[in-house]
$ cat protein-v2.cif   # mmCIF, C-alpha atoms, pLDDT in the B column; chains and numbers go by the auth columns
data_work
loop_
_atom_site.group_PDB
_atom_site.id
_atom_site.type_symbol
_atom_site.label_atom_id
_atom_site.label_comp_id
_atom_site.label_asym_id
_atom_site.label_seq_id
_atom_site.Cartn_x
_atom_site.Cartn_y
_atom_site.Cartn_z
_atom_site.B_iso_or_equiv
_atom_site.auth_seq_id
_atom_site.auth_asym_id
ATOM 1 C CA MET A 1 0.488 -198.854 70.562 56.00 1 A
ATOM 2 C CA THR A 2 -2.911 -197.401 70.003 64.00 2 A
ATOM 3 C CA GLU A 3 -5.850 -197.992 72.324 66.00 3 A
ATOM 4 C CA ILE A 4 -7.612 -200.214 69.777 62.00 4 A
ATOM 5 C CA ALA A 5 -4.604 -202.520 69.447 60.00 5 A
ATOM 6 C CA LYS A 6 -4.363 -202.893 73.233 67.00 6 A
ATOM 7 C CA LYS A 7 -8.021 -203.917 73.639 72.00 7 A
ATOM 8 C CA ARG A 8 -8.041 -206.652 71.000 71.00 8 A
ATOM 9 C CA PRO A 9 -8.681 -210.130 72.395 71.00 9 A
ATOM 10 C CA VAL A 10 -5.845 -212.597 72.494 71.00 10 A
ATOM 11 C CA TYR A 11 -6.523 -216.035 70.996 69.00 11 A
ATOM 12 C CA ARG A 12 -4.153 -218.734 72.095 71.00 12 A
ATOM 13 C CA ASN A 13 -3.622 -222.280 70.970 73.00 13 A
ATOM 14 C CA ILE A 14 -3.474 -224.367 74.083 70.00 14 A
ATOM 15 C CA HIS A 15 -1.600 -227.608 74.485 74.00 15 A
ATOM 16 C CA VAL A 16 -3.070 -230.756 76.042 72.00 16 A
ATOM 17 C CA SER A 17 -0.997 -230.185 79.180 73.00 17 A
ATOM 18 C CA GLN A 18 -2.607 -226.741 79.616 70.00 18 A
ATOM 19 C CA ILE A 19 -6.226 -227.964 79.483 66.00 19 A
ATOM 20 C CA VAL A 20 -6.352 -228.453 83.262 69.00 20 A
ATOM 21 C CA SER A 21 -5.317 -224.857 83.962 72.00 21 A
ATOM 22 C CA TYR A 22 -7.339 -223.353 81.081 73.00 22 A
ATOM 23 C CA ARG A 23 -10.824 -222.347 82.180 78.00 23 A
ATOM 24 C CA LEU A 24 -13.440 -223.284 79.603 83.00 24 A
ATOM 25 C CA PRO A 25 -16.961 -221.874 79.675 89.00 25 A
ATOM 26 C CA PRO A 26 -19.758 -224.385 80.354 93.00 26 A
ATOM 27 C CA ALA A 27 -20.677 -224.462 76.652 92.00 27 A
ATOM 28 C CA GLY A 28 -17.124 -225.565 75.830 91.00 28 A
ATOM 29 C CA ILE A 29 -17.255 -228.290 78.459 92.00 29 A
ATOM 30 C CA VAL A 30 -20.595 -229.528 77.075 95.00 30 A
ATOM 31 C CA SER A 31 -19.132 -229.530 73.563 93.00 31 A
ATOM 32 C CA ILE A 32 -16.121 -231.604 74.571 92.00 32 A
ATOM 33 C CA LEU A 33 -18.241 -234.002 76.634 95.00 33 A
ATOM 34 C CA HIS A 34 -20.679 -234.337 73.719 96.00 34 A
ATOM 35 C CA ARG A 35 -17.823 -235.569 71.543 96.00 35 A
ATOM 36 C CA ILE A 36 -16.505 -237.872 74.268 95.00 36 A
ATOM 37 C CA SER A 37 -19.946 -239.358 74.925 96.00 37 A
ATOM 38 C CA GLY A 38 -20.489 -239.944 71.204 96.00 38 A
ATOM 39 C CA MET A 39 -17.141 -241.703 70.953 96.00 39 A
ATOM 40 C CA LEU A 40 -17.952 -243.780 74.047 95.00 40 A
ATOM 41 C CA LEU A 41 -21.283 -244.853 72.576 95.00 41 A
ATOM 42 C CA PHE A 42 -19.639 -245.758 69.271 96.00 42 A
ATOM 43 C CA VAL A 43 -16.801 -247.753 70.845 95.00 43 A
ATOM 44 C CA LEU A 44 -19.129 -249.654 73.187 93.00 44 A
ATOM 45 C CA LEU A 45 -21.763 -250.323 70.522 95.00 45 A
ATOM 46 C CA PRO A 46 -20.869 -254.055 70.324 93.00 46 A
ATOM 47 C CA LEU A 47 -21.475 -254.314 74.080 89.00 47 A
ATOM 48 C CA VAL A 48 -24.822 -252.529 73.733 92.00 48 A
ATOM 49 C CA ILE A 49 -25.876 -254.872 70.906 94.00 49 A
ATOM 50 C CA TRP A 50 -24.806 -257.926 72.938 89.00 50 A
ATOM 51 C CA MET A 51 -26.698 -256.644 75.997 89.00 51 A
ATOM 52 C CA PHE A 52 -29.845 -256.046 73.968 93.00 52 A
ATOM 53 C CA ASP A 53 -29.606 -259.390 72.162 92.00 53 A
ATOM 54 C CA THR A 54 -29.002 -261.310 75.375 88.00 54 A
ATOM 55 C CA SER A 55 -31.822 -259.591 77.220 91.00 55 A
ATOM 56 C CA VAL A 56 -34.541 -260.249 74.604 93.00 56 A
ATOM 57 C CA THR A 57 -33.635 -263.641 73.107 92.00 57 A
ATOM 58 C CA SER A 58 -35.249 -265.884 75.722 93.00 58 A
ATOM 59 C CA GLU A 59 -36.021 -266.144 79.406 93.00 59 A
ATOM 60 C CA ILE A 60 -32.886 -268.190 79.972 93.00 60 A
ATOM 61 C CA SER A 61 -30.651 -265.636 78.239 91.00 61 A
ATOM 62 C CA TYR A 62 -32.358 -262.858 80.219 92.00 62 A
ATOM 63 C CA GLY A 63 -31.496 -264.742 83.407 92.00 63 A
ATOM 64 C CA ALA A 64 -27.872 -264.995 82.275 88.00 64 A
ATOM 65 C CA PHE A 65 -27.949 -261.280 81.436 88.00 65 A
ATOM 66 C CA THR A 66 -29.189 -260.258 84.888 90.00 66 A
ATOM 67 C CA ASN A 67 -26.784 -262.712 86.511 91.00 67 A
ATOM 68 C CA ALA A 68 -23.880 -260.990 84.758 89.00 68 A
ATOM 69 C CA PHE A 69 -24.540 -257.873 86.832 91.00 69 A
ATOM 70 C CA VAL A 70 -24.356 -259.898 90.046 90.00 70 A
ATOM 71 C CA ALA A 71 -21.759 -262.613 89.466 90.00 71 A
ATOM 72 C CA GLY A 72 -19.890 -261.191 86.494 89.00 72 A
ATOM 73 C CA ILE A 73 -18.826 -262.828 83.249 87.00 73 A
ATOM 74 C CA GLY A 74 -15.744 -265.024 83.373 88.00 74 A
ATOM 75 C CA PHE A 75 -12.956 -263.028 85.005 92.00 75 A
ATOM 76 C CA VAL A 76 -14.845 -259.711 84.792 92.00 76 A
ATOM 77 C CA PRO A 77 -16.575 -258.955 88.123 94.00 77 A
ATOM 78 C CA GLY A 78 -20.185 -257.822 88.319 91.00 78 A
ATOM 79 C CA TRP A 79 -19.346 -254.384 89.764 93.00 79 A
ATOM 80 C CA PHE A 80 -17.187 -253.643 86.720 94.00 80 A
ATOM 81 C CA ILE A 81 -20.051 -254.518 84.367 92.00 81 A
ATOM 82 C CA LYS A 82 -22.286 -252.194 86.399 94.00 82 A
ATOM 83 C CA LEU A 83 -19.655 -249.450 86.179 94.00 83 A
ATOM 84 C CA VAL A 84 -19.371 -249.821 82.391 93.00 84 A
ATOM 85 C CA SER A 85 -23.162 -249.774 82.163 94.00 85 A
ATOM 86 C CA LEU A 86 -23.215 -246.609 84.250 95.00 86 A
ATOM 87 C CA GLY A 87 -20.741 -245.059 81.814 95.00 87 A
ATOM 88 C CA LEU A 88 -23.035 -246.059 78.959 96.00 88 A
ATOM 89 C CA ILE A 89 -25.999 -244.543 80.765 96.00 89 A
ATOM 90 C CA TRP A 90 -24.130 -241.268 81.241 96.00 90 A
ATOM 91 C CA GLY A 91 -22.892 -241.295 77.642 96.00 91 A
ATOM 92 C CA TYR A 92 -26.375 -241.808 76.262 96.00 92 A
ATOM 93 C CA LEU A 93 -28.062 -239.266 78.529 97.00 93 A
ATOM 94 C CA HIS A 94 -25.444 -236.571 77.997 97.00 94 A
ATOM 95 C CA HIS A 95 -25.290 -237.119 74.244 97.00 95 A
ATOM 96 C CA PHE A 96 -29.090 -237.072 73.974 97.00 96 A
ATOM 97 C CA ILE A 97 -29.584 -233.952 76.127 97.00 97 A
ATOM 98 C CA ALA A 98 -26.726 -232.098 74.408 96.00 98 A
ATOM 99 C CA GLY A 99 -28.169 -233.079 71.029 96.00 99 A
ATOM 100 C CA VAL A 100 -31.594 -231.754 72.022 96.00 100 A
ATOM 101 C CA ARG A 101 -29.843 -228.577 73.214 95.00 101 A
ATOM 102 C CA HIS A 102 -28.254 -228.142 69.790 93.00 102 A
ATOM 103 C CA LEU A 103 -31.552 -228.795 68.015 94.00 103 A
ATOM 104 C CA TRP A 104 -33.290 -226.287 70.279 93.00 104 A
ATOM 105 C CA MET A 105 -30.614 -223.661 69.606 91.00 105 A
ATOM 106 C CA ASP A 106 -30.887 -224.283 65.852 89.00 106 A
ATOM 107 C CA ALA A 107 -34.684 -224.141 65.825 92.00 107 A
ATOM 108 C CA THR A 108 -35.050 -221.022 67.969 87.00 108 A
ATOM 109 C CA HIS A 109 -31.859 -219.243 66.858 82.00 109 A
ATOM 110 C CA SER A 110 -30.809 -218.957 70.503 73.00 110 A
ATOM 111 C CA VAL A 111 -27.212 -218.033 70.024 79.00 111 A
ATOM 112 C CA SER A 112 -26.671 -215.433 72.715 87.00 112 A
ATOM 113 C CA LYS A 113 -23.948 -215.946 75.264 89.00 113 A
ATOM 114 C CA ALA A 114 -26.363 -215.957 78.211 90.00 114 A
ATOM 115 C CA GLN A 115 -28.681 -218.536 76.650 91.00 115 A
ATOM 116 C CA GLY A 116 -25.736 -220.731 75.684 90.00 116 A
ATOM 117 C CA HIS A 117 -24.414 -220.546 79.239 93.00 117 A
ATOM 118 C CA SER A 118 -27.747 -221.384 80.863 94.00 118 A
ATOM 119 C CA SER A 119 -28.537 -224.230 78.454 94.00 119 A
ATOM 120 C CA ALA A 120 -25.051 -225.677 78.996 95.00 120 A
ATOM 121 C CA ILE A 121 -25.527 -225.604 82.776 96.00 121 A
ATOM 122 C CA PHE A 122 -28.926 -227.279 82.346 96.00 122 A
ATOM 123 C CA THR A 123 -27.375 -229.951 80.114 97.00 123 A
ATOM 124 C CA LEU A 124 -24.605 -230.729 82.587 96.00 124 A
ATOM 125 C CA ALA A 125 -26.887 -230.727 85.626 97.00 125 A
ATOM 126 C CA SER A 126 -29.665 -232.804 84.099 97.00 126 A
ATOM 127 C CA SER A 127 -27.344 -235.425 82.612 97.00 127 A
ATOM 128 C CA VAL A 128 -25.542 -235.859 85.929 97.00 128 A
ATOM 129 C CA ALA A 129 -28.792 -235.908 87.950 97.00 129 A
ATOM 130 C CA LEU A 130 -30.425 -238.499 85.694 97.00 130 A
ATOM 131 C CA THR A 131 -27.241 -240.581 85.669 97.00 131 A
ATOM 132 C CA LEU A 132 -27.122 -240.548 89.483 96.00 132 A
ATOM 133 C CA ALA A 133 -30.790 -241.556 89.693 97.00 133 A
ATOM 134 C CA LEU A 134 -30.393 -244.429 87.223 96.00 134 A
ATOM 135 C CA GLY A 135 -27.048 -245.393 88.773 95.00 135 A
ATOM 136 C CA ALA A 136 -28.684 -245.655 92.183 95.00 136 A
ATOM 137 C CA LYS A 137 -31.244 -248.020 90.651 94.00 137 A
ATOM 138 C CA LEU A 138 -28.498 -249.984 88.881 93.00 138 A
ATOM 139 C CA PHE A 139 -26.504 -250.454 92.085 91.00 139 A
ATOM 140 C CA GLY A 140 -29.609 -251.392 94.067 87.00 140 A
ATOM 141 C CA LEU A 141 -30.028 -248.374 96.315 89.00 141 A
ATOM 142 C CA TYR A 142 -33.784 -248.383 95.702 85.00 142 A
#
$ encode --input "protein-v2.cif" --output "structure tokens"
Amino acid sequence: MTEIAKKRPVYRNIHVSQIVSYRLPPAGIVSILHRISGMLLFVLLPLVIWMFDTSVTSEISYGAFTNAFVAGIGFVPGWFIKLVSLGLIWGYLHHFIAGVRHLWMDATHSVSKAQGHSSAIFTLASSVALTLALGAKLFGLY
């Protein structure tokens, strides 16, 4: 083989079982999580609409809404509702920050590998940090 043929990159199709051992760059992780967070927001949209409707209808419904986080709803415990709400918080924050990242890259034509890496790290770190801060408030730590 010639030297040029030996140095060509190898592109592989990976199977779902190989995802754990395959090392994605941060931009790839952000891309996958952006899709997952969008799907999560879409699937839980009825819950979001119910939460909004219940919280703004009246003072009595707002009391029932806040009580759901403490006592639960029917057989669903309150901690589970808080956990689902925390997932919604993460989904929204990650999807929003990743969307702003994409808009920023489109507007400034920032398509270098280094800028993509640093913006992906910022997206991951800021979405997790904001989720932890809002989750601490949700679970009553402050």
$ resolve_selection --input "protein-v2.cif" --expression "the PyMOL selection byres ((chain A and resi 79) around 12)" --output "CSV table (one decimal) with C-alpha atoms, in the frame of the given file"
chain,number,residue,atom,x,y,z
A,67,ASN,CA,-26.8,-262.7,86.5
A,68,ALA,CA,-23.9,-261.0,84.8
A,69,PHE,CA,-24.5,-257.9,86.8
A,70,VAL,CA,-24.4,-259.9,90.0
A,71,ALA,CA,-21.8,-262.6,89.5
A,72,GLY,CA,-19.9,-261.2,86.5
A,73,ILE,CA,-18.8,-262.8,83.2
A,75,PHE,CA,-13.0,-263.0,85.0
A,76,VAL,CA,-14.8,-259.7,84.8
A,77,PRO,CA,-16.6,-259.0,88.1
A,78,GLY,CA,-20.2,-257.8,88.3
A,80,PHE,CA,-17.2,-253.6,86.7
A,81,ILE,CA,-20.1,-254.5,84.4
A,82,LYS,CA,-22.3,-252.2,86.4
A,83,LEU,CA,-19.7,-249.4,86.2
A,84,VAL,CA,-19.4,-249.8,82.4
A,85,SER,CA,-23.2,-249.8,82.2
A,86,LEU,CA,-23.2,-246.6,84.2
A,135,GLY,CA,-27.0,-245.4,88.8
A,138,LEU,CA,-28.5,-250.0,88.9
A,139,PHE,CA,-26.5,-250.5,92.1
A,140,GLY,CA,-29.6,-251.4,94.1
$ atom_distance --input "protein-v2.cif" --atom1 "CA of Ser55 (chain A)" --atom2 "CA of Val100 (chain A)"
28.3 Å
$ closest_residue --input "protein-v2.cif" --among "A:Leu93, A:Val16, A:Leu103, A:Val10" --to "Val128 (chain A)" --atoms "all atoms listed in the file"
A:Leu93
$ closest_residue --input "protein-v2.cif" --among "A:Trp50, A:Tyr22, A:Phe65, A:Phe42" --to "His95 (chain A)" --atoms "all atoms listed in the file"
A:Phe42
$ residues_near_point --input "protein-v2.cif" --point "(-26.8, -233.6, 73.3)" --cutoff "10 Å" --atoms "all atoms listed in the file" --output "ChimeraX atom specification"
/A:30-31,33-35,37-38,91-103,120,123-124,127
$ atom_distance --input "protein-v2.cif" --atom1 "CA of Ser118 (chain A)" --atom2 "CA of Trp104 (chain A)"
12.9 Å
$ atom_distance --input "protein-v2.cif" --atom1 "CA of Ser119 (chain A)" --atom2 "CA of Ala107 (chain A)"
14.0 Å
$ closest_residue --input "protein-v2.cif" --among "A:Arg8, A:Thr108, A:Thr66, A:His15" --to "Thr54 (chain A)" --atoms "all atoms listed in the file"
A:Thr66
$ decode --input "protein-v2.cif" --residues "region 60-104 of chain A" --atoms "N, CA and C atoms" --output "compact mmCIF listing (two decimals), in the first residue's frame"
# COMPACT_ATOMS: atom_id res chain seq x y z
N ILE A 60 -56.87 28.17 44.55
CA ILE A 60 -57.13 26.81 45.03
C ILE A 60 -56.36 25.80 44.18
N SER A 61 -56.39 25.97 42.85
CA SER A 61 -55.66 25.04 41.99
C SER A 61 -54.15 25.20 42.17
N TYR A 62 -53.69 26.42 42.47
CA TYR A 62 -52.27 26.62 42.75
C TYR A 62 -51.88 25.89 44.03
N GLY A 63 -52.76 25.91 45.03
CA GLY A 63 -52.50 25.16 46.26
C GLY A 63 -52.43 23.67 46.00
N ALA A 64 -53.32 23.16 45.15
CA ALA A 64 -53.27 21.74 44.78
C ALA A 64 -52.00 21.42 44.00
N PHE A 65 -51.58 22.37 43.17
CA PHE A 65 -50.35 22.19 42.38
C PHE A 65 -49.13 22.10 43.29
N THR A 66 -49.01 23.01 44.24
CA THR A 66 -47.86 22.96 45.15
C THR A 66 -47.93 21.77 46.10
N ASN A 67 -49.15 21.35 46.44
CA ASN A 67 -49.32 20.18 47.29
C ASN A 67 -48.91 18.90 46.57
N ALA A 68 -49.01 18.89 45.26
CA ALA A 68 -48.61 17.70 44.49
C ALA A 68 -47.13 17.40 44.65
N PHE A 69 -46.33 18.45 44.84
CA PHE A 69 -44.89 18.25 45.02
C PHE A 69 -44.55 17.73 46.41
N VAL A 70 -45.46 17.90 47.35
CA VAL A 70 -45.22 17.45 48.72
C VAL A 70 -45.87 16.09 48.96
N ALA A 71 -47.17 16.00 48.68
CA ALA A 71 -47.93 14.79 49.01
C ALA A 71 -48.09 13.85 47.83
N GLY A 72 -47.86 14.33 46.62
CA GLY A 72 -48.03 13.49 45.45
C GLY A 72 -49.45 13.60 44.89
N ILE A 73 -49.67 12.85 43.83
CA ILE A 73 -50.98 12.82 43.17
C ILE A 73 -51.40 11.36 43.08
N GLY A 74 -52.44 10.99 43.80
CA GLY A 74 -52.90 9.61 43.76
C GLY A 74 -51.84 8.66 44.28
N PHE A 75 -51.42 7.72 43.44
CA PHE A 75 -50.41 6.75 43.83
C PHE A 75 -48.99 7.20 43.49
N VAL A 76 -48.85 8.35 42.84
CA VAL A 76 -47.54 8.87 42.46
C VAL A 76 -47.00 9.73 43.61
N PRO A 77 -45.85 9.36 44.19
CA PRO A 77 -45.33 10.13 45.33
C PRO A 77 -44.77 11.49 44.89
N GLY A 78 -44.66 12.38 45.86
CA GLY A 78 -44.20 13.73 45.58
C GLY A 78 -42.77 13.79 45.09
N TRP A 79 -41.88 12.91 45.61
CA TRP A 79 -40.49 12.92 45.16
C TRP A 79 -40.37 12.54 43.69
N PHE A 80 -41.28 11.68 43.20
CA PHE A 80 -41.24 11.30 41.80
C PHE A 80 -41.66 12.47 40.90
N ILE A 81 -42.64 13.24 41.36
CA ILE A 81 -43.06 14.42 40.60
C ILE A 81 -41.93 15.44 40.56
N LYS A 82 -41.21 15.59 41.68
CA LYS A 82 -40.05 16.47 41.70
C LYS A 82 -38.96 15.98 40.76
N LEU A 83 -38.76 14.67 40.72
CA LEU A 83 -37.73 14.10 39.84
C LEU A 83 -38.08 14.30 38.37
N VAL A 84 -39.35 14.11 38.01
CA VAL A 84 -39.79 14.36 36.64
C VAL A 84 -39.66 15.84 36.30
N SER A 85 -39.98 16.70 37.25
CA SER A 85 -39.82 18.14 37.04
C SER A 85 -38.35 18.51 36.87
N LEU A 86 -37.49 17.86 37.62
CA LEU A 86 -36.05 18.09 37.45
C LEU A 86 -35.58 17.65 36.07
N GLY A 87 -36.11 16.55 35.58
CA GLY A 87 -35.80 16.12 34.21
C GLY A 87 -36.29 17.12 33.18
N LEU A 88 -37.46 17.69 33.42
CA LEU A 88 -37.98 18.75 32.53
C LEU A 88 -37.11 19.99 32.59
N ILE A 89 -36.66 20.34 33.78
CA ILE A 89 -35.78 21.50 33.92
C ILE A 89 -34.49 21.28 33.14
N TRP A 90 -33.87 20.09 33.30
CA TRP A 90 -32.66 19.81 32.55
C TRP A 90 -32.93 19.82 31.05
N GLY A 91 -34.02 19.18 30.63
CA GLY A 91 -34.34 19.13 29.21
C GLY A 91 -34.49 20.51 28.61
N TYR A 92 -35.20 21.38 29.32
CA TYR A 92 -35.40 22.73 28.80
C TYR A 92 -34.08 23.50 28.76
N LEU A 93 -33.32 23.47 29.87
CA LEU A 93 -32.09 24.23 29.92
C LEU A 93 -31.08 23.74 28.88
N HIS A 94 -30.91 22.43 28.78
CA HIS A 94 -29.95 21.91 27.81
C HIS A 94 -30.39 22.22 26.38
N HIS A 95 -31.66 22.03 26.09
CA HIS A 95 -32.15 22.28 24.74
C HIS A 95 -32.02 23.77 24.39
N PHE A 96 -32.31 24.64 25.34
CA PHE A 96 -32.20 26.08 25.10
C PHE A 96 -30.75 26.49 24.89
N ILE A 97 -29.84 26.04 25.77
CA ILE A 97 -28.44 26.45 25.67
C ILE A 97 -27.80 25.86 24.41
N ALA A 98 -28.12 24.61 24.08
CA ALA A 98 -27.60 24.02 22.85
C ALA A 98 -28.16 24.71 21.62
N GLY A 99 -29.42 25.13 21.68
CA GLY A 99 -30.00 25.88 20.57
C GLY A 99 -29.34 27.23 20.39
N VAL A 100 -29.06 27.92 21.49
CA VAL A 100 -28.34 29.20 21.41
C VAL A 100 -26.93 28.97 20.86
N ARG A 101 -26.31 27.85 21.26
CA ARG A 101 -24.98 27.51 20.73
C ARG A 101 -25.03 27.36 19.21
N HIS A 102 -26.05 26.66 18.72
CA HIS A 102 -26.17 26.49 17.27
C HIS A 102 -26.43 27.81 16.56
N LEU A 103 -27.28 28.65 17.14
CA LEU A 103 -27.53 29.96 16.55
C LEU A 103 -26.27 30.82 16.54
N TRP A 104 -25.50 30.76 17.62
CA TRP A 104 -24.25 31.50 17.69
C TRP A 104 -23.26 31.01 16.64
